[in-house]
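K.L.:
Below are the C-alpha cells for one structure; questions will follow.
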Amino acid sequence: MSISIRKATPEDFPFILSMIKELAVFEKAEEKVTNTVDQMKDEQALFQCLIAETEQHEPVAIALYFFAYYTWVGKSLYLDDLYVKETYRQQGIATQLLRAVFDVARTEKCHRVRWQVLNWNENALALYRKCGATIDGQWSNCDFDGEGIATFSR
C-alpha cells in the first residue's frame with residue numbers, strides 16, 4: 001500500500017481529535033479525553049502533527065508531537081501520540097510515521113526523541129524495539145489534571 005505523509009493543518013483537527021479518542025478507547029481511557037477542536041485551534045502553536053494518507057487521500061494515522069527542553073540534553077521532540085487505524089495496522093505505516101518524526105527531529109536539530117508506550121501494548125513495544133528504541137522501565141509518570149493543578153497551587 002502506498003502511503004504519503006504530510007503535515008496537518010487546522011482543517012485536520014476534527015480527524016486528529018477522532019484519532020485521539022480512538023486511541024483513548026484502545027488504551028481503555030476514553031473518559032480521560034477532554035480536548036476539543038476549538039481547544040486545538042486555540043492551542044495550535046503548541047503542537048504539530050503528521051498525517052499518513054492512502055493514495056485516495058484517506059487519512060489513516062497520526063503522529064502528534066511537540067518540542068520540549070530536557071535539562072540533561074537540551075532541545076528534544078516529544079512524540080505524544082502515534083496511532084494507526086486498526087484496519088491499516090501491520091502494513092508499515094507506523095514505521096513510516098516514526099521515520100518522518102525522526103526526520104523532523106534531525107531537521108530541527110533535536111538531541112532526543114522521547115515518547116511513552118503502555119507496558120501491555122506488545123505490538124508497539126515490538127515495533128519500537130525493532131527500530132532500536134531504548135525502553136526505560138525505571139521512570140514513572142507523575143500527572144496532575146486541571147482540578148489537581150488548581151487544588152495544589154492554592
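In the C-alpha cells, the first chain shown is A, the next is B, and so on; residue numbers restart at 1 for each chain, and ligands run from 1 in the order shown.
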Fewer than 4 positions away in the same chain doesn't count, so skip those; otherwise give me all residues within 9 Å of range 1-12 of chain A, counting only C-alpha atoms, as a VMD selection string.

P.N.:
chain A and resid 16 to 17 37 40 to 41 44 48 to 55 57 62 91 93 96 to 97 100

K.L.:
Find the spatial neighbours of Glu27 in chain A, counting only C-alpha atoms, within a cut-off of 12 Å - ignore same-chain residues fewer than 6 positions away - and output them as JSON, numbers by chain.

P.N.:
{"A": [20, 21, 33, 81, 83, 117, 118, 119, 120, 121]}

K.L.:
Can you write just those residues out, N, CA and C atoms, as an mmCIF file, in the first residue's frame?

P.N.:
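Contents of out.cif, freshly written:
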```
data_model
loop_
_atom_site.group_PDB
_atom_site.id
_atom_site.type_symbol
_atom_site.label_atom_id
_atom_site.label_comp_id
_atom_site.auth_asym_id
_atom_site.auth_seq_id
_atom_site.Cartn_x
_atom_site.Cartn_y
_atom_site.Cartn_z
ATOM 1 N N ILE A 20 -7.393 10.713 18.368
ATOM 2 C CA ILE A 20 -7.034 10.777 19.785
ATOM 3 C C ILE A 20 -8.056 10.007 20.611
ATOM 4 N N LYS A 21 -9.327 10.200 20.287
ATOM 5 C CA LYS A 21 -10.391 9.489 21.014
ATOM 6 C C LYS A 21 -10.343 7.988 20.737
ATOM 7 N N VAL A 33 -10.260 11.867 27.797
ATOM 8 C CA VAL A 33 -10.090 12.859 26.727
ATOM 9 C C VAL A 33 -11.060 14.009 26.959
ATOM 10 N N ASP A 81 1.463 11.170 20.547
ATOM 11 C CA ASP A 81 0.592 10.104 20.036
ATOM 12 C C ASP A 81 1.059 9.647 18.670
ATOM 13 N N TYR A 83 -0.678 6.853 16.216
ATOM 14 C CA TYR A 83 -1.810 5.932 16.175
ATOM 15 C C TYR A 83 -2.217 5.655 14.733
ATOM 16 N N VAL A 117 4.949 4.401 25.961
ATOM 17 C CA VAL A 117 4.155 3.291 25.457
ATOM 18 C C VAL A 117 3.662 2.504 26.670
ATOM 19 N N LEU A 118 2.419 2.085 26.599
ATOM 20 C CA LEU A 118 1.874 1.287 27.694
ATOM 21 C C LEU A 118 2.580 -0.059 27.753
ATOM 22 N N ASN A 119 2.860 -0.534 28.958
ATOM 23 C CA ASN A 119 3.632 -1.772 29.102
ATOM 24 C C ASN A 119 2.885 -3.004 28.611
ATOM 25 N N TRP A 120 1.585 -2.921 28.354
ATOM 26 C CA TRP A 120 0.833 -4.064 27.832
ATOM 27 C C TRP A 120 0.664 -4.023 26.310
ATOM 28 N N ASN A 121 1.131 -2.959 25.674
ATOM 29 C CA ASN A 121 0.977 -2.823 24.226
ATOM 30 C C ASN A 121 2.141 -3.532 23.522
#
```

K.L.:
Which of range 36-145 of chain A counts as strand (DSSP E) under DSSP, as number ranges by chain please?

P.N.:
A: 48-53, 59-70, 74-84, 112-115

K.L.:
Output the selection as an mmCIF file, in the first residue's frame - N, CA and C atoms for each residue.

P.N.:
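And here is the file that came out, selection_24.cif:
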```
data_model
loop_
_atom_site.group_PDB
_atom_site.id
_atom_site.type_symbol
_atom_site.label_atom_id
_atom_site.label_comp_id
_atom_site.auth_asym_id
_atom_site.auth_seq_id
_atom_site.Cartn_x
_atom_site.Cartn_y
_atom_site.Cartn_z
ATOM 1 N N GLN A 48 2.390 19.949 16.817
ATOM 2 C CA GLN A 48 2.404 19.694 15.386
ATOM 3 C C GLN A 48 1.955 18.253 15.166
ATOM 4 N N CYS A 49 1.526 17.958 13.961
ATOM 5 C CA CYS A 49 1.030 16.619 13.692
ATOM 6 C C CYS A 49 1.330 16.234 12.252
ATOM 7 N N LEU A 50 1.704 14.989 12.065
ATOM 8 C CA LEU A 50 1.855 14.413 10.739
ATOM 9 C C LEU A 50 0.699 13.458 10.514
ATOM 10 N N ILE A 51 0.218 13.427 9.273
ATOM 11 C CA ILE A 51 -0.891 12.550 8.920
ATOM 12 C C ILE A 51 -0.446 11.637 7.787
ATOM 13 N N ALA A 52 -0.726 10.350 7.945
ATOM 14 C CA ALA A 52 -0.476 9.367 6.884
ATOM 15 C C ALA A 52 -1.777 9.170 6.126
ATOM 16 N N GLU A 53 -1.679 9.220 4.794
ATOM 17 C CA GLU A 53 -2.857 9.074 3.940
ATOM 18 C C GLU A 53 -2.641 8.002 2.886
ATOM 19 N N PRO A 59 -7.122 9.794 5.326
ATOM 20 C CA PRO A 59 -6.201 9.794 6.470
ATOM 21 C C PRO A 59 -6.385 8.525 7.296
ATOM 22 N N VAL A 60 -5.266 7.877 7.638
ATOM 23 C CA VAL A 60 -5.347 6.595 8.348
ATOM 24 C C VAL A 60 -4.482 6.541 9.606
ATOM 25 N N ALA A 61 -3.668 7.555 9.838
ATOM 26 C CA ALA A 61 -2.786 7.518 11.003
ATOM 27 C C ALA A 61 -2.274 8.920 11.318
ATOM 28 N N ILE A 62 -1.889 9.104 12.581
ATOM 29 C CA ILE A 62 -1.323 10.387 13.012
ATOM 30 C C ILE A 62 -0.072 10.168 13.844
ATOM 31 N N ALA A 63 0.758 11.187 13.854
ATOM 32 C CA ALA A 63 1.876 11.286 14.790
ATOM 33 C C ALA A 63 1.855 12.724 15.293
ATOM 34 N N LEU A 64 1.423 12.915 16.527
ATOM 35 C CA LEU A 64 1.305 14.243 17.111
ATOM 36 C C LEU A 64 2.489 14.454 18.056
ATOM 37 N N TYR A 65 3.162 15.581 17.912
ATOM 38 C CA TYR A 65 4.378 15.829 18.680
ATOM 39 C C TYR A 65 4.509 17.302 19.037
ATOM 40 N N PHE A 66 5.445 17.568 19.933
ATOM 41 C CA PHE A 66 5.790 18.946 20.281
ATOM 42 C C PHE A 66 7.262 18.975 20.674
ATOM 43 N N PHE A 67 7.807 20.173 20.721
ATOM 44 C CA PHE A 67 9.201 20.337 21.116
ATOM 45 C C PHE A 67 9.269 20.629 22.609
ATOM 46 N N ALA A 68 10.276 20.069 23.236
ATOM 47 C CA ALA A 68 10.469 20.221 24.672
ATOM 48 C C ALA A 68 11.943 20.502 24.935
ATOM 49 N N TYR A 69 12.232 20.910 26.139
ATOM 50 C CA TYR A 69 13.606 21.124 26.547
ATOM 51 C C TYR A 69 13.880 20.260 27.767
ATOM 52 N N TYR A 70 14.802 19.326 27.613
ATOM 53 C CA TYR A 70 15.211 18.462 28.722
ATOM 54 C C TYR A 70 16.577 18.927 29.202
ATOM 55 N N GLY A 74 18.973 19.041 26.279
ATOM 56 C CA GLY A 74 18.571 20.221 25.515
ATOM 57 C C GLY A 74 17.328 19.960 24.673
ATOM 58 N N LYS A 75 17.272 20.620 23.525
ATOM 59 C CA LYS A 75 16.084 20.572 22.673
ATOM 60 C C LYS A 75 15.751 19.136 22.275
ATOM 61 N N SER A 76 14.484 18.807 22.433
ATOM 62 C CA SER A 76 14.018 17.455 22.166
ATOM 63 C C SER A 76 12.659 17.494 21.492
ATOM 64 N N LEU A 77 12.302 16.390 20.884
ATOM 65 C CA LEU A 77 10.978 16.219 20.301
ATOM 66 C C LEU A 77 10.256 15.165 21.127
ATOM 67 N N TYR A 78 9.061 15.511 21.582
ATOM 68 C CA TYR A 78 8.252 14.565 22.340
ATOM 69 C C TYR A 78 7.101 14.103 21.461
ATOM 70 N N LEU A 79 7.074 12.829 21.166
ATOM 71 C CA LEU A 79 6.020 12.221 20.362
ATOM 72 C C LEU A 79 4.899 11.826 21.311
ATOM 73 N N ASP A 80 3.813 12.587 21.290
ATOM 74 C CA ASP A 80 2.739 12.340 22.253
ATOM 75 C C ASP A 80 1.828 11.211 21.811
ATOM 76 N N ASP A 81 1.463 11.170 20.547
ATOM 77 C CA ASP A 81 0.592 10.104 20.036
ATOM 78 C C ASP A 81 1.059 9.647 18.670
ATOM 79 N N LEU A 82 1.173 8.353 18.512
ATOM 80 C CA LEU A 82 1.350 7.738 17.199
ATOM 81 C C LEU A 82 0.267 6.670 17.131
ATOM 82 N N TYR A 83 -0.678 6.853 16.216
ATOM 83 C CA TYR A 83 -1.810 5.932 16.175
ATOM 84 C C TYR A 83 -2.217 5.655 14.733
ATOM 85 N N VAL A 84 -2.415 4.373 14.454
ATOM 86 C CA VAL A 84 -2.831 3.901 13.134
ATOM 87 C C VAL A 84 -4.202 3.247 13.288
ATOM 88 N N ARG A 112 17.148 14.629 21.331
ATOM 89 C CA ARG A 112 16.452 13.450 21.838
ATOM 90 C C ARG A 112 15.058 13.411 21.224
ATOM 91 N N VAL A 113 14.584 12.194 20.999
ATOM 92 C CA VAL A 113 13.177 11.949 20.699
ATOM 93 C C VAL A 113 12.682 11.044 21.809
ATOM 94 N N ARG A 114 11.557 11.427 22.401
ATOM 95 C CA ARG A 114 11.027 10.651 23.530
ATOM 96 C C ARG A 114 9.536 10.441 23.330
ATOM 97 N N TRP A 115 9.055 9.302 23.818
ATOM 98 C CA TRP A 115 7.625 9.015 23.831
ATOM 99 C C TRP A 115 7.373 7.954 24.879
#
```

K.L.:
Can you list, as number ranges by chain, every residue of range 70-118 of chain A that DSSP puts in helix (DSSP H, G or I)?

P.N.:
A: 86-88, 93-107
